[in-house]
Amino acid sequence: AAEGGQWQEDAEVVIEWNELLQSHIPTILLSFRYYAMMHIAMFDAVNSIEGGYRPYHVRVPTNPTASAEAAAAKAARDVLVELLPGAQSTFDAALSGRLAGIDPKRAAHGVAVGQRVARAVLDWRMGDGTPLPNAPYEPPPVPGVWQPTPPNFPAAAGVLLGDVEPFALLTTTQYLPDPPPLLNSPAYAESFNEVKEIGSASSSTRSSDQTQLAYLIQGVNFNPGLFALWSQVAREVTRGQQWALIDTARLFALLNVAMHDGLQTSHTSKYVYGLWRPVTAIHRADEDFNEQTTAD
């Protein structure tokens, strides 16, 4: 039990920097890239010292006395300072606070590892296709094709996100979802009517759990968003089970890579298929050539 507690104390460095990034993350579509880059760097830094797993991107030579905790903190700090330079003083203070509790020689060796890994990760992603301009996307207003949605009718976002290099996948269309059903098909009508019935403001069939889920996904009264939600799950799991530092770092790296590439895949599919959203489809159901749908 004592050994487990010591491991958990070391693993807190991963959670600390995850929470730091969460509190400073900008509200932009590509913010999920920051999570993946930071946690890959932290894992590769720890894995360079402790070993046991194949590196995600890089393994660097280490001194046998190097502190994996210091390496993780330095890797996180260097990645975030380059991505979010306006918060450097906060990141520097967090690194100093973490290193203060580690033997100076072990900390210095660990810092050297973290610095090299962070530089390798930053250089790797420098040519990944970001940042991207938000190219115009204005399809014709024909039935079935995406249109800006009420109430504010914003322009399409992340139009070129599919051109960014994924972290784990070969391409952003490697696991592209199947195409949506034809507008005049029974399958389209079935999905249409399910959304219309459950999503109606006056729905008599939507359960309380479904209502709560809709609010959660929409973000009403929930500020951090989905990446922070799953990070919270990971934090509770690793703390509750007192995971070792290397396993905690690996979990957060794989989790955030999966979220990055999963979101990128789903977002790319929007521009591959260009399907209109339910709010447009329901308002304009009299144009979909389907006798089983009714406009509302």
# chains A, B, ... in the order shown; residues from 1 in each chain; ligands from 1
>>> closest_atom_pairs(of="segment 179-296 of chain A", to="segment 35-58 of chain A", cutoff="7 Å", atoms="only C-alpha atoms", output="JSON lines")
{"residue": "A:Ile246", "atom": "CA", "partner": "A:Val46", "partner_atom": "CA", "distance": 6.1}
{"residue": "A:Ala249", "atom": "CA", "partner": "A:Phe43", "partner_atom": "CA", "distance": 4.8}
{"residue": "A:Arg250", "atom": "CA", "partner": "A:Phe43", "partner_atom": "CA", "distance": 5.5}
{"residue": "A:Phe252", "atom": "CA", "partner": "A:His39", "partner_atom": "CA", "distance": 6.1}
{"residue": "A:Ala253", "atom": "CA", "partner": "A:His39", "partner_atom": "CA", "distance": 4.6}
{"residue": "A:Asn256", "atom": "CA", "partner": "A:Ala36", "partner_atom": "CA", "distance": 4.9}
{"residue": "A:Val257", "atom": "CA", "partner": "A:Ala36", "partner_atom": "CA", "distance": 5.2}
{"residue": "A:His260", "atom": "CA", "partner": "A:Ala36", "partner_atom": "CA", "distance": 6.9}
>>> residues_around(residues="Pro166 of chain A", least_positions_apart="4", cutoff="8 Å", atoms="only C-alpha atoms", output="MDAnalysis selection string")
chainID A and resid 170:172 260:261 264
>>> atom_distance(atom1="atom CA of Tyr34 of chain A", atom2="atom CA of Leu122 of chain A")
10.6 Å
>>> residues_around(residues="Ala66 of chain A", least_positions_apart="4", cutoff="9 Å", atoms="only C-alpha atoms", output="list of chain:residue names")
A:Ile49, A:Thr62, A:Ala70, A:Ala71, A:Lys105, A:Arg106, A:Ala107, A:Ala108, A:His109, A:Gly110, A:Val111, A:Ala112, A:Val113
>>> closest_residue(among="A:Leu275, A:Leu216, A:Ala189, A:Ala94", to="Thr294 of chain A", atoms="only C-alpha atoms")
A:Ala189
>>> closest_residue(among="A:His267, A:Arg235, A:Arg125, A:Arg116", to="Ala76 of chain A", atoms="only C-alpha atoms")
A:Arg116
>>> residues_around(residues="Pro141 of chain A", least_positions_apart="2", cutoff="12 Å", atoms="only C-alpha atoms", output="short mmCIF file (atom, residue, chain, number, x, y, z; two decimals) with C-alpha atoms, in the first residue's frame")
data_model
loop_
_atom_site.label_atom_id
_atom_site.label_comp_id
_atom_site.auth_asym_id
_atom_site.auth_seq_id
_atom_site.Cartn_x
_atom_site.Cartn_y
_atom_site.Cartn_z
CA TYR A 137 -17.82 26.64 -47.39
CA GLU A 138 -21.04 27.78 -49.02
CA PRO A 139 -22.87 24.88 -50.70
CA PRO A 143 -32.39 19.67 -50.21
CA GLY A 144 -30.13 17.44 -48.15
CA VAL A 145 -27.10 19.74 -48.25
CA TRP A 146 -25.68 21.50 -45.17
CA GLN A 147 -26.70 25.10 -44.53
CA PRO A 148 -25.86 27.54 -41.70
CA GLY A 274 -22.20 17.58 -46.65
CA LEU A 275 -25.46 16.40 -45.06
CA TRP A 276 -27.83 19.00 -43.68
CA THR A 280 -32.60 22.27 -41.35
CA ALA A 281 -33.98 18.89 -42.39
CA ARG A 284 -37.56 21.80 -44.82
CA GLU A 287 -38.44 19.37 -49.87
#
>>> residues_around(residues="Ala285 of chain A", least_positions_apart="5", cutoff="8 Å", atoms="only C-alpha atoms", output="PyMOL selection string")
chain A and resi 290+293-296
>>> write_last_selection(atoms="N, CA and C atoms", output="mmCIF file, in the first residue's frame")
data_model
loop_
_atom_site.group_PDB
_atom_site.id
_atom_site.type_symbol
_atom_site.label_atom_id
_atom_site.label_comp_id
_atom_site.auth_asym_id
_atom_site.auth_seq_id
_atom_site.Cartn_x
_atom_site.Cartn_y
_atom_site.Cartn_z
ATOM 1 N N ASN A 290 -39.581 12.726 -49.546
ATOM 2 C CA ASN A 290 -39.876 11.547 -48.746
ATOM 3 C C ASN A 290 -41.269 11.709 -48.145
ATOM 4 N N THR A 293 -41.902 11.817 -44.104
ATOM 5 C CA THR A 293 -41.424 12.914 -43.242
ATOM 6 C C THR A 293 -42.354 14.105 -43.396
ATOM 7 N N THR A 294 -42.483 14.868 -42.288
ATOM 8 C CA THR A 294 -43.359 16.038 -42.282
ATOM 9 C C THR A 294 -42.600 17.221 -41.685
ATOM 10 N N ALA A 295 -42.690 18.355 -42.318
ATOM 11 C CA ALA A 295 -41.984 19.552 -41.850
ATOM 12 C C ALA A 295 -42.581 20.046 -40.535
ATOM 13 N N ASP A 296 -41.752 20.634 -39.693
ATOM 14 C CA ASP A 296 -42.177 21.236 -38.441
ATOM 15 C C ASP A 296 -41.358 22.506 -38.263
#
>>> select_by_dssp(residues="segment 22-116 of chain A", states="helix (DSSP H, G or I)", output="ChimeraX atom specification")
/A:22-24,31-50,68-83,85-99,104-116
>>> closest_residue(among="A:Trp17, A:Tyr188, A:Tyr175, A:Phe32", to="Gln292 of chain A", atoms="only C-alpha atoms")
A:Tyr188
>>> atom_distance(atom1="atom CA of Arg98 of chain A", atom2="atom CA of Arg239 of chain A")
18.1 Å
>>> atom_distance(atom1="atom CA of Ala157 of chain A", atom2="atom CA of Lys270 of chain A")
10.6 Å
>>> decode(residues="segment 67-98 of chain A", atoms="N, CA and C atoms", output="JSON list (two decimals), in the first residue's frame")
[["chain", "number", "residue", "atom", "x", "y", "z"],
["A", 67, "SER", "N", 15.09, 11.59, -13.01],
["A", 67, "SER", "CA", 13.75, 11.56, -12.43],
["A", 67, "SER", "C", 12.71, 11.59, -13.55],
["A", 68, "ALA", "N", 11.89, 10.55, -13.62],
["A", 68, "ALA", "CA", 10.82, 10.51, -14.62],
["A", 68, "ALA", "C", 9.78, 11.58, -14.35],
["A", 69, "GLU", "N", 9.56, 11.88, -13.09],
["A", 69, "GLU", "CA", 8.61, 12.94, -12.72],
["A", 69, "GLU", "C", 9.07, 14.28, -13.26],
["A", 70, "ALA", "N", 10.36, 14.59, -13.10],
["A", 70, "ALA", "CA", 10.91, 15.84, -13.63],
["A", 70, "ALA", "C", 10.85, 15.87, -15.14],
["A", 71, "ALA", "N", 11.13, 14.74, -15.76],
["A", 71, "ALA", "CA", 11.09, 14.66, -17.22],
["A", 71, "ALA", "C", 9.69, 14.95, -17.75],
["A", 72, "ALA", "N", 8.70, 14.38, -17.10],
["A", 72, "ALA", "CA", 7.31, 14.59, -17.53],
["A", 72, "ALA", "C", 6.93, 16.06, -17.40],
["A", 73, "ALA", "N", 7.27, 16.67, -16.27],
["A", 73, "ALA", "CA", 6.92, 18.07, -16.05],
["A", 73, "ALA", "C", 7.61, 18.99, -17.05],
["A", 74, "LYS", "N", 8.89, 18.74, -17.32],
["A", 74, "LYS", "CA", 9.63, 19.58, -18.27],
["A", 74, "LYS", "C", 9.08, 19.40, -19.68],
["A", 75, "ALA", "N", 8.74, 18.17, -20.06],
["A", 75, "ALA", "CA", 8.18, 17.94, -21.39],
["A", 75, "ALA", "C", 6.87, 18.69, -21.56],
["A", 76, "ALA", "N", 6.02, 18.62, -20.55],
["A", 76, "ALA", "CA", 4.74, 19.32, -20.60],
["A", 76, "ALA", "C", 4.94, 20.83, -20.68],
["A", 77, "ARG", "N", 5.82, 21.33, -19.85],
["A", 77, "ARG", "CA", 6.07, 22.78, -19.82],
["A", 77, "ARG", "C", 6.56, 23.28, -21.18],
["A", 78, "ASP", "N", 7.50, 22.59, -21.79],
["A", 78, "ASP", "CA", 8.08, 23.07, -23.04],
["A", 78, "ASP", "C", 7.06, 23.03, -24.18],
["A", 79, "VAL", "N", 6.24, 22.00, -24.22],
["A", 79, "VAL", "CA", 5.22, 21.92, -25.26],
["A", 79, "VAL", "C", 4.21, 23.05, -25.09],
["A", 80, "LEU", "N", 3.75, 23.26, -23.87],
["A", 80, "LEU", "CA", 2.72, 24.27, -23.66],
["A", 80, "LEU", "C", 3.23, 25.69, -23.82],
["A", 81, "VAL", "N", 4.47, 25.94, -23.47],
["A", 81, "VAL", "CA", 5.02, 27.28, -23.65],
["A", 81, "VAL", "C", 5.06, 27.65, -25.13],
["A", 82, "GLU", "N", 5.36, 26.66, -25.98],
["A", 82, "GLU", "CA", 5.37, 26.96, -27.42],
["A", 82, "GLU", "C", 3.96, 27.11, -27.97],
["A", 83, "LEU", "N", 3.02, 26.34, -27.46],
["A", 83, "LEU", "CA", 1.65, 26.40, -27.96],
["A", 83, "LEU", "C", 0.87, 27.56, -27.35],
["A", 84, "LEU", "N", 1.14, 27.87, -26.08],
["A", 84, "LEU", "CA", 0.40, 28.90, -25.37],
["A", 84, "LEU", "C", 1.40, 29.85, -24.68],
["A", 85, "PRO", "N", 2.16, 30.62, -25.44],
["A", 85, "PRO", "CA", 3.22, 31.45, -24.85],
["A", 85, "PRO", "C", 2.72, 32.49, -23.87],
["A", 86, "GLY", "N", 1.46, 32.87, -23.98],
["A", 86, "GLY", "CA", 0.95, 33.88, -23.07],
["A", 86, "GLY", "C", 0.84, 33.42, -21.64],
["A", 87, "ALA", "N", 0.88, 32.12, -21.41],
["A", 87, "ALA", "CA", 0.77, 31.58, -20.05],
["A", 87, "ALA", "C", 2.11, 31.04, -19.54],
["A", 88, "GLN", "N", 3.21, 31.48, -20.13],
["A", 88, "GLN", "CA", 4.51, 30.92, -19.77],
["A", 88, "GLN", "C", 4.82, 31.07, -18.29],
["A", 89, "SER", "N", 4.50, 32.20, -17.70],
["A", 89, "SER", "CA", 4.83, 32.40, -16.29],
["A", 89, "SER", "C", 4.13, 31.36, -15.41],
["A", 90, "THR", "N", 2.90, 31.02, -15.74],
["A", 90, "THR", "CA", 2.17, 30.01, -14.98],
["A", 90, "THR", "C", 2.83, 28.65, -15.14],
["A", 91, "PHE", "N", 3.21, 28.30, -16.37],
["A", 91, "PHE", "CA", 3.83, 27.01, -16.63],
["A", 91, "PHE", "C", 5.21, 26.92, -15.98],
["A", 92, "ASP", "N", 5.95, 28.02, -16.01],
["A", 92, "ASP", "CA", 7.27, 28.04, -15.37],
["A", 92, "ASP", "C", 7.15, 27.83, -13.86],
["A", 93, "ALA", "N", 6.15, 28.47, -13.27],
["A", 93, "ALA", "CA", 5.95, 28.34, -11.83],
["A", 93, "ALA", "C", 5.57, 26.92, -11.46],
["A", 94, "ALA", "N", 4.75, 26.29, -12.28],
["A", 94, "ALA", "CA", 4.33, 24.91, -12.02],
["A", 94, "ALA", "C", 5.52, 23.96, -12.11],
["A", 95, "LEU", "N", 6.37, 24.18, -13.10],
["A", 95, "LEU", "CA", 7.57, 23.34, -13.24],
["A", 95, "LEU", "C", 8.49, 23.52, -12.04],
["A", 96, "SER", "N", 8.73, 24.75, -11.64],
["A", 96, "SER", "CA", 9.60, 25.01, -10.49],
["A", 96, "SER", "C", 9.06, 24.36, -9.23],
["A", 97, "GLY", "N", 7.76, 24.46, -9.03],
["A", 97, "GLY", "CA", 7.16, 23.84, -7.85],
["A", 97, "GLY", "C", 7.31, 22.34, -7.85],
["A", 98, "ARG", "N", 7.19, 21.72, -9.00],
["A", 98, "ARG", "CA", 7.33, 20.27, -9.10],
["A", 98, "ARG", "C", 8.77, 19.85, -8.86]]
